[in-house]
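Comments concern the structure below.
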Amino acid sequence: MRKKLQPTMMPRKVIHVITRLDWGGSAQNTLLTALGHDRSRYDPLVADGPPGRWIAQGGAKASEENARRLEAAGVRVHRVMALTRELNVIKDLRALGQLIALFRRERPVIVHTHTSKAGVLGRLAAWLTRVPVIIHTPHGHVFYGHFGRLRSWFFLQVERLLAKVTIRLIALTEAERDDYLERRVGRAGRFTVIPSGIDVKRFKSAAGAVGQRPDGFACPPDALVIGSVGWLTPVKGHRYLIEALSRLKPSHPRLYVVVVGGGELCEDLATLASALGVGDSVRLLGERTDVLECLAAMDLFVLPSLNEGMGRALIEAMAAGRPVIATRVGGIPAIVKDRRNGLLVPPGDASSLAAAIAELIQRPAWAKGLGAAASESIGARFGVTAMVRAVEGVYDAALRESA
């Protein structure tokens, strides 16, 4: 049985649990939620794992910067030393014990977990310590695209079990919610759809024109820049963008690909580009803090993911008025309406991606119109304030249910 809540006027203690507090979309969602909480009602603490050797999405630098940002705003940060991204039975059991100890000491009313690994250990620890309200935001899922069939099946069974002790599940899009329900994870009445929040006004400031190219682009003045932003890992599908470039380059010599983001595939992607004869036309910029300026310098934006909860980078690119091409996976079709505010292509299909890029190049006026429609479609519901208030609305409903 869960503990019953007693009426109180004190702010409710909320512990957010996430594996890494870096510059990735799920971490930024968590960071902005914790920063945006109404402190008269909710008292947040963020528990994260150490970045270790992780260098993508800002690595240790991002974790330290985000922790300082939280602490400067009066939000405590607790480092769970055994909470790591990779699967390791010994470390995972230690992380579970460390989370149990944290929850027993802090006695939160709400534990809100983010992403798969933190979601498993955090929810299990919250259940074992009888935390009254357990909330989980998956930020996508690992049911396909990340691991082999057996490991994906195992994660599915774990999610089905943990959904039984999760009072509310927050999906980023209707499509992500439906992915869970189709796999019999959770019940429809326990899901709420809340898009990740971005600084809508700031990104919309780039809509309408292609801006000056930042350092690192190193493209000729007449280049057509196809851009992407994301972690360089297989599930993000950047190899298909490079393959599409190799198909297009002979007939479109002005094309260049610029990718913002770091990760373990940087060297592999550079090698692939060279092998396909387009090494001189691909720029892998690594991690950048000037993402808005990079987006503003892109003629087109491509998100070639094999699996995606929503795609924070996609939302930012759309708000910035870039004509976008994205894959028809996860929550993306809930955001990109094919041929109305962008183009959708099958995942893992360089030929279809090349054809979509070619169509936008050949129809520049239409491409510009798609970019304007994309920016128009990213309204206030994608803002940070709307996201935080919606999350707190979920908390309010769960607290009433547990009272």
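Note on naming: chains are A, B, ... as they come in the structure tokens, residues start from 1 per chain, ligands start from 1 in the order shown.
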If we count only C-alpha atoms and set the cut-off at 8 Å, which residues sit around range 107-123 of chain A, ignoring sequence neighbours fewer than 5 positions away in its own chain? Please answer as number ranges by chain.
A: 5, 12-19, 26, 30, 83, 85, 92, 95-96, 99, 131-142, 158-159, 162, 165-166, 395
Sel. of strand (DSSP E or B) residues, range 90-153 of chain A, as a short mmCIF file (atom, residue, chain, number, x, y, z; two decimals) with C-alpha atoms, in the first residue's frame:
data_model
loop_
_atom_site.label_atom_id
_atom_site.label_comp_id
_atom_site.auth_asym_id
_atom_site.auth_seq_id
_atom_site.Cartn_x
_atom_site.Cartn_y
_atom_site.Cartn_z
CA ILE A 110 6.55 12.84 -5.56
CA VAL A 111 9.30 11.03 -7.46
CA HIS A 112 9.37 11.98 -11.15
CA THR A 113 11.71 9.82 -13.24
CA HIS A 114 13.01 10.62 -16.71
CA VAL A 133 3.20 9.57 -6.05
CA ILE A 134 5.36 8.06 -8.81
CA ILE A 135 5.47 9.87 -12.18
CA HIS A 136 7.47 8.81 -15.24
CA THR A 137 8.37 10.63 -18.45
#
Those of range 213-330 of chain A in DSSP helix (DSSP H, G or I), formatted as a PyMOL selection string:
chain A and resi 234-236+238-248+266-275+279-281+291-296+312-319
Give me, as a list in words, all polymer residues having an atom no more than 9 Å from Gln28 in chain A, counting only C-alpha atoms and skipping those fewer than 5 positions away in the same chain.
Leu21, Asp22, Trp23, Thr33, Asn66, Ser196 and Gly197 of chain A
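Between Ile242 in chain A and the candidates A:Arg283, A:His78, A:Arg130, A:Arg183, the tightest atom-to-atom separation, counting only C-alpha atoms, involves A:Arg283.
Between Val185 in chain A and the candidates A:Ala209, A:Ala297, A:Ile170, A:Ala163, the tightest atom-to-atom separation, counting only C-alpha atoms, involves A:Ala163.
Residues in contact range of range 372-382 of chain A, defined as at most 7 Å between only C-alpha atoms, with sequence neighbours fewer than 3 positions away removed, read Pro195, Ser196, Gly197, Ile198, Val200, Lys204, Ala207, Met318, Ala319, Ala320, Gly321, Asn341, Gly342, Lys368, Gly369, Ala386 and Met387 of chain A.
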Save the residues we just selected, C-alpha atoms, as a PDB file, in the first residue's frame?
ATOM      1  CA  PRO A 195       5.401  18.468 -25.352  1.00  0.00           C
ATOM      2  CA  SER A 196       8.934  19.387 -24.341  1.00  0.00           C
ATOM      3  CA  GLY A 197       9.235  23.115 -23.756  1.00  0.00           C
ATOM      4  CA  ILE A 198      11.615  25.387 -25.655  1.00  0.00           C
ATOM      5  CA  VAL A 200       9.711  29.610 -28.530  1.00  0.00           C
ATOM      6  CA  LYS A 204      11.204  32.157 -33.795  1.00  0.00           C
ATOM      7  CA  ALA A 207      12.468  32.615 -38.892  1.00  0.00           C
ATOM      8  CA  MET A 318      10.708  24.328 -36.976  1.00  0.00           C
ATOM      9  CA  ALA A 319      10.297  27.320 -34.663  1.00  0.00           C
ATOM     10  CA  ALA A 320      13.309  28.858 -36.432  1.00  0.00           C
ATOM     11  CA  GLY A 321      11.471  28.558 -39.745  1.00  0.00           C
ATOM     12  CA  ASN A 341       4.767  22.038 -42.534  1.00  0.00           C
ATOM     13  CA  GLY A 342       7.569  19.692 -43.579  1.00  0.00           C
ATOM     14  CA  LYS A 368      10.233  28.631 -47.887  1.00  0.00           C
ATOM     15  CA  GLY A 369       6.492  28.281 -47.401  1.00  0.00           C
ATOM     16  CA  ALA A 386       3.192  25.817 -20.622  1.00  0.00           C
ATOM     17  CA  MET A 387       5.192  22.613 -20.123  1.00  0.00           C
TER      18      MET A 387
END
Test item: residues at most 7 Å from Leu285 in chain A, only C-alpha atoms, excluding those fewer than 4 positions along its chain, as an MDAnalysis selection string
chainID A and resid 216 259:261
Residues from the last selection, C-alpha atoms, saved as a PDB file, in the first residue's frame:
ATOM      1  CA  GLY A 216      33.165  25.954 -38.323  1.00  0.00           C
ATOM      2  CA  VAL A 259      25.845  18.314 -38.213  1.00  0.00           C
ATOM      3  CA  VAL A 260      25.861  19.873 -34.743  1.00  0.00           C
ATOM      4  CA  GLY A 261      26.452  17.390 -31.934  1.00  0.00           C
TER       5      GLY A 261
END
